[in-house]
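S.K.: Take this structure, written in structure tokens, and hold onto it; I'll ask about it next.
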Amino acid sequence: MLAEIRQFFADRSVLEVETPLLSHSIGTDPHLEFFTTEYLSPGMVCMPEACQEQARQSLFLQTSPEFAMKRLLAAGSGSIYQIGKAFRNGESGRFHNPEFTMLEWYRVGFTLPQLMDEIAELIGGLFSGQSLQETQRVSYQDVFASFTGLDALVFSSQDYCAYARESGLSEAVDICGHDHALWLDFLFSHKVQPHLGENALCMVYGYPACQSSLARINEHNRMTTDRVELFINGIELGNGYYELVDAKEQGGRFDKELAIRQQQKLPASVKDLRLIAALESGLPDCSGVAIGLDRLLMLLSGSASIDDVLSFSIHRA
Amino acid sequence: MAIYSTNEFKAGLKVMLDNDPCAIIENEFVKPGKGQAFNRVKIRNLKTGRVMERTFKSGESLEGADVVDVEMQYLYNDGQFRHFMVPDTFEQYQCDEKIVGDAGKWLKDQDSCTVTLWNDAPLAISPANFVELTIVETDPGVRGDTSGGGGKPATLDTGAVVRVPLFVQQGEMIKVDTRTGEYVSRVKE
């Protein structure tokens with residue numbers, strides 16, 4: 001699988017890069033927990049414990065290579081891809097391991113639909129022996145409405161609550177309250193996602209603006225964002241954006257997420273000022289996507305658990 | 001009682017949910033790449049036996065339920081209550097037919113069984129997987145009929161009715177699987 005992926009990008013003249021796993025800053029997304037490590041500069045290692053205390057520097061294991069790769073893009077790298085490890089704390093289950101392998105790539109000058117074409121080509125090639133059905137492309141609003149009958153873009157507490165009660169998910173009312181994004185997470189992962197991409201790649205685009213993350217707001221419909229998610233057999237495989245290049249807006253979104261982290265008493269994260277600086281100096285218009293390769297391998301090999309495709313899962317690492 | 005958070009949920013854990021003691025059967029971690037993490041939990045209500053699915057926001061917690069399984073000896077039925085005893089301590093418990101439920105038809109005096117206690121009161125009774133009971137009534141078998149098919153109903157000394165092969169006679173002792181209610185074999189005295 002890895003060889004095929006590398007060939008795919010070599011054929012398209014996309015440069016393979018490597019970026020640091022250890023970094024001074026980290027993403028601010030309140031839903032992504034990170035690992036913190038402590039760095040001692042040379043000479044500090046043999047000093048007594050007490051002196052080390054002040055010299056210690058926190059470094060973070062990256063939850064994705066996104067920020068570093070964007071800095072390369074801003075520096076004029078052109079289209080790039082990376083196959084590397086990513087780390088997310090507190091994630092372990094049938095589809096999660098805290099350390100996993102990610103394929104992330106950026107295409108300079110690509111719009112999101114163009115990137116979606118390329119994703120379909122890559123996945124189609126990898127699954128060529130397994131007769132995958134034709135790729136489906138649906139908007140978030142359409143697919144949400146078809147499974148729940150609800151409008152994903154306009155939050156109606158009354159409708160959402162009524163739907164949750166009808167479909168045996170009454171606990172959602174307490175969990176989600178008036179938090180639109182939380183309602184969408186809940187209903188999408190319970191009622192929509194399991195049905196997506198039955199033996200086919202399903203790409204869901206046009207996420208509601210409240211779930212934009214690092215994607216651009218759509219210029220025709222301000223209520224949606226140029227973000228795409230990939231699913232096969234109900235398993236989330238990846239996430240792509242028409243990348244936000246506005247440094248000011250990016251800084252604003254970071255601050256907003258930092259505030260939420262503080263409010264929820266989550267570990268403080270360190271805003272990546274170097275990324276903001278890179279955006280200020282100018283990130284070229286580009287689209288990028290990240291795909292979890294362990295899950296892809298699960299699908300390719302028909303495995304029921306991520307443990308089956310890892311050499312040693314976290315419990316045995 | 002201890003408090004358990006979603007990351008401690010695992011099969012077999014006993015927790016309180018909606019004021020009833022429940023046992024967790026399965027716990028699946030559900031998390032969108034960019035979004036809130038949930039735990040979808042399959043859980044059995046130990047009072048009603050009903051299995052349901054419930055979703056929790058990851059990090060939520062539930063109070064543990066003081067539920068323990070104790071091996072006890074079944075003593076007797078006084079018409080209103082069934083009486084059980086812990087063999088080591090001679091401590092006795094009584095429970096009514098509602099709690100005993102289906103297990104009642106497999107309980108023979110002196111046999112041991114598992115009593116589930118919630119806050120030290122019986123919550124459920126499970127008989128041993130295999131019990132040996134005597135047939136008190138069944139039709140005489142037809143001589144020479146050794147084909148395995150068919151079988152006939154037999155009433156046992158506890159009142160349970162099971163299908164037995166034709167060659168098994170009244171007064172014989174048989175072994176029964178209580179989980180399926182099926183005849184296993186004859187027991188030689």
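If you're wondering about the labels, chains in the structure tokens are A, B, ... by order shown, residues count from 1 in each chain, ligands from 1 in order shown.
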According to DSSP computed on the backbone, where in range 7-179 of chain B is there alpha helix (DSSP H)? Give the residues as a PyMOL selection string.
M.R.: chain B and resi 97-100
S.K.: Those same residues, written as a compact mmCIF listing (two decimals), in the first residue's frame with N, CA and C atoms?
M.R.:
```txt
# COMPACT_ATOMS: atom_id res chain seq x y z
N GLU B 97 -40.85 -15.16 43.99
CA GLU B 97 -40.84 -15.80 42.67
C GLU B 97 -40.51 -14.81 41.54
N LYS B 98 -40.86 -13.53 41.77
CA LYS B 98 -40.61 -12.54 40.73
C LYS B 98 -39.12 -12.45 40.43
N ILE B 99 -38.32 -12.52 41.49
CA ILE B 99 -36.87 -12.43 41.31
C ILE B 99 -36.31 -13.76 40.81
N VAL B 100 -36.84 -14.84 41.33
CA VAL B 100 -36.34 -16.15 40.93
C VAL B 100 -36.60 -16.39 39.45
```
S.K.: Show me, as a PyMOL selection string, every residue of chain A with an atom at most 8 Å from chain B, counting only C-alpha atoms.
M.R.: chain A and resi 29+31-32+92-95+169+171-172+175+182+185-186+189+213+236+238-239
S.K.: Okay, now the selection with C-alpha atoms, as an mmCIF file, in the first residue's frame?
M.R.:
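Written out: part-v6.cif:
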```cif
data_model
loop_
_atom_site.group_PDB
_atom_site.id
_atom_site.type_symbol
_atom_site.label_atom_id
_atom_site.label_comp_id
_atom_site.auth_asym_id
_atom_site.auth_seq_id
_atom_site.Cartn_x
_atom_site.Cartn_y
_atom_site.Cartn_z
ATOM 1 C CA ASP A 29 -8.805 22.084 18.422
ATOM 2 C CA HIS A 31 -11.472 17.892 20.470
ATOM 3 C CA LEU A 32 -7.869 16.865 19.888
ATOM 4 C CA SER A 92 -8.191 4.183 21.723
ATOM 5 C CA GLY A 93 -10.815 1.815 20.433
ATOM 6 C CA ARG A 94 -11.739 -0.394 17.543
ATOM 7 C CA PHE A 95 -10.903 2.404 15.093
ATOM 8 C CA LEU A 169 -31.441 8.733 21.425
ATOM 9 C CA GLU A 171 -29.834 11.136 25.985
ATOM 10 C CA ALA A 172 -28.690 13.465 23.190
ATOM 11 C CA ILE A 175 -25.650 15.849 26.250
ATOM 12 C CA LEU A 182 -22.254 18.962 19.327
ATOM 13 C CA ASP A 185 -21.367 15.420 15.897
ATOM 14 C CA PHE A 186 -23.815 13.270 17.824
ATOM 15 C CA SER A 189 -21.875 9.779 14.020
ATOM 16 C CA SER A 213 -11.789 23.876 11.494
ATOM 17 C CA GLU A 236 -14.200 7.787 8.546
ATOM 18 C CA GLY A 238 -9.924 11.283 6.037
ATOM 19 C CA ASN A 239 -10.598 14.955 6.055
#
```
S.K.: Can you tell me which residues surround range 258-263 of chain A at a distance of at most 6 Å, considering only C-alpha atoms, apart from same-chain residues fewer than 2 positions away, and format the answer as a ChimeraX atom specification?
M.R.: /A:28,30,255-256,265-266
S.K.: Quick one: DSSP strand (DSSP E or B) residues in chain B, as number ranges by chain?
M.R.: B: 3-5, 14-17, 20-30, 38-45, 51-57, 61-64, 67-77, 81-85, 92-96, 112-118, 121-127, 130-138, 152-156, 161-164, 173-177, 182-187
S.K.: Pro127 in chain B: which residues within 7 Å, counting only C-alpha atoms, same-chain residues fewer than 4 positions away excluded, as a PDB file with C-alpha atoms, in the first residue's frame?
M.R.:
```
ATOM      1  CA  ALA B 103     -34.437 -20.083  37.256  1.00  0.00           C
ATOM      2  CA  TRP B 106     -34.158 -25.740  37.693  1.00  0.00           C
ATOM      3  CA  LEU B 107     -33.759 -25.388  41.457  1.00  0.00           C
ATOM      4  CA  CYS B 113     -26.649 -21.718  42.252  1.00  0.00           C
ATOM      5  CA  THR B 114     -25.490 -18.162  41.780  1.00  0.00           C
TER       6      THR B 114
END
```
S.K.: Using only C-alpha atoms, which of the listed residues (A:Thr148, A:Ala10, A:His195, A:Leu2) sits closest to Gly84 in chain A?
M.R.: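 Counting only C-alpha atoms, the residue closest to Gly84 in chain A is A:Leu2.
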S.K.: For Asp308 in chain A, find every residue with an atom within 10 Å (counting only C-alpha atoms), except residues of its own chain fewer than 3 positions away, and show them as a list in words.
M.R.: Arg94, Asp294, Leu297, Met298, Ser301, Gly302, Ser303, Ala304, Ser305, Ser311, Phe312 and Ser313 of chain A
S.K.: Could the residues in this selection be saved with N, CA and C atoms as a CSV table (one decimal), in the first residue's frame?
M.R.:
```
chain,number,residue,atom,x,y,z
A,94,ARG,N,-11.8,0.5,18.7
A,94,ARG,CA,-11.7,-0.4,17.5
A,94,ARG,C,-11.2,0.3,16.3
A,294,ASP,N,-3.9,3.5,8.7
A,294,ASP,CA,-4.2,2.2,9.4
A,294,ASP,C,-5.6,1.8,9.1
A,297,LEU,N,-5.9,0.5,5.7
A,297,LEU,CA,-5.3,-0.9,5.6
A,297,LEU,C,-6.4,-1.9,6.2
A,298,MET,N,-7.1,-1.4,7.2
A,298,MET,CA,-8.2,-2.2,7.8
A,298,MET,C,-9.2,-2.6,6.7
A,301,SER,N,-7.8,-4.9,4.0
A,301,SER,CA,-7.5,-6.3,4.5
A,301,SER,C,-8.8,-6.9,5.2
A,302,GLY,N,-9.8,-6.2,5.2
A,302,GLY,CA,-11.1,-6.7,5.8
A,302,GLY,C,-10.9,-6.9,7.3
A,303,SER,N,-10.1,-6.1,8.0
A,303,SER,CA,-9.9,-6.3,9.5
A,303,SER,C,-11.0,-5.6,10.3
A,304,ALA,N,-11.4,-6.2,11.4
A,304,ALA,CA,-12.5,-5.7,12.2
A,304,ALA,C,-11.9,-4.6,13.2
A,305,SER,N,-10.6,-4.7,13.5
A,305,SER,CA,-10.1,-3.8,14.5
A,305,SER,C,-8.7,-3.3,14.1
A,311,SER,N,1.6,-3.3,14.2
A,311,SER,CA,2.5,-4.3,14.7
A,311,SER,C,2.2,-4.6,16.2
A,312,PHE,N,2.1,-3.5,16.9
A,312,PHE,CA,1.8,-3.6,18.3
A,312,PHE,C,0.9,-2.4,18.7
A,313,SER,N,-0.3,-2.7,19.1
A,313,SER,CA,-1.2,-1.6,19.5
A,313,SER,C,-0.8,-1.0,20.8
```
S.K.: If you count only C-alpha atoms, which residues fall within 10 Å of range 74-77 of chain B, apart from same-chain ones fewer than 4 positions away, as a list in words?
M.R.: Phe81, Arg82, His83, Phe84, Met85, Val86, Pro87, Gln92, Tyr93, Gln94, Cys95, Asp96, Glu97, Gly104, Leu107, Lys108, Asp109, Gln110, Asp111, Ser112, Cys113, Thr114, Val115 and Pro127 of chain B
S.K.: Keeping only C-alpha atoms, write the selected residues as an mmCIF file, in the first residue's frame.
M.R.:
```cif
data_model
loop_
_atom_site.group_PDB
_atom_site.id
_atom_site.type_symbol
_atom_site.label_atom_id
_atom_site.label_comp_id
_atom_site.auth_asym_id
_atom_site.auth_seq_id
_atom_site.Cartn_x
_atom_site.Cartn_y
_atom_site.Cartn_z
ATOM 1 C CA PHE B 81 -40.318 -17.260 49.307
ATOM 2 C CA ARG B 82 -37.414 -19.356 48.184
ATOM 3 C CA HIS B 83 -34.589 -19.610 50.675
ATOM 4 C CA PHE B 84 -30.867 -19.667 49.932
ATOM 5 C CA MET B 85 -27.802 -20.011 52.114
ATOM 6 C CA VAL B 86 -24.160 -19.052 51.779
ATOM 7 C CA PRO B 87 -22.398 -22.347 52.612
ATOM 8 C CA GLN B 92 -29.554 -16.939 54.588
ATOM 9 C CA TYR B 93 -31.420 -14.950 51.963
ATOM 10 C CA GLN B 94 -35.002 -15.208 50.812
ATOM 11 C CA CYS B 95 -36.467 -14.079 47.548
ATOM 12 C CA ASP B 96 -39.863 -14.120 45.917
ATOM 13 C CA GLU B 97 -40.837 -15.796 42.666
ATOM 14 C CA GLY B 104 -37.051 -21.559 39.606
ATOM 15 C CA LEU B 107 -33.759 -25.388 41.457
ATOM 16 C CA LYS B 108 -33.615 -28.577 43.465
ATOM 17 C CA ASP B 109 -33.128 -28.594 47.218
ATOM 18 C CA GLN B 110 -29.446 -28.583 48.220
ATOM 19 C CA ASP B 111 -28.250 -27.682 44.706
ATOM 20 C CA SER B 112 -25.904 -24.754 44.419
ATOM 21 C CA CYS B 113 -26.649 -21.718 42.252
ATOM 22 C CA THR B 114 -25.490 -18.162 41.780
ATOM 23 C CA VAL B 115 -27.394 -15.402 43.545
ATOM 24 C CA PRO B 127 -28.895 -21.897 38.154
#
```
S.K.: For Ala145 in chain A, find every residue with an atom within 12 Å (counting only C-alpha atoms), except residues of its own chain fewer than 3 positions away, and show them as number ranges by chain.
M.R.: A: 138-142, 148-154, 160, 163, 184, 187-188, 191-192
S.K.: Can you work out the spacing between CA of Glu198 in chain A and CA of Asn218 in chain A in Å, to one decimal?
M.R.: 28.0 Å
S.K.: Measuring between only C-alpha atoms, which one of B:Val162, B:Val67, B:Leu13, B:Met72 shows the shortest distance to Ile43 in chain B?
M.R.: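 Answer, going by the shortest atom-to-atom distance: B:Leu13.
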S.K.: Which is closest to Gly64 in chain B among B:Ser126, B:Ser5, B:Gln169, B:Thr180, if we use only C-alpha atoms?
M.R.: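 Ranking B:Ser126, B:Ser5, B:Gln169, B:Thr180 by distance to Gly64 in chain B, first place goes to B:Ser5.
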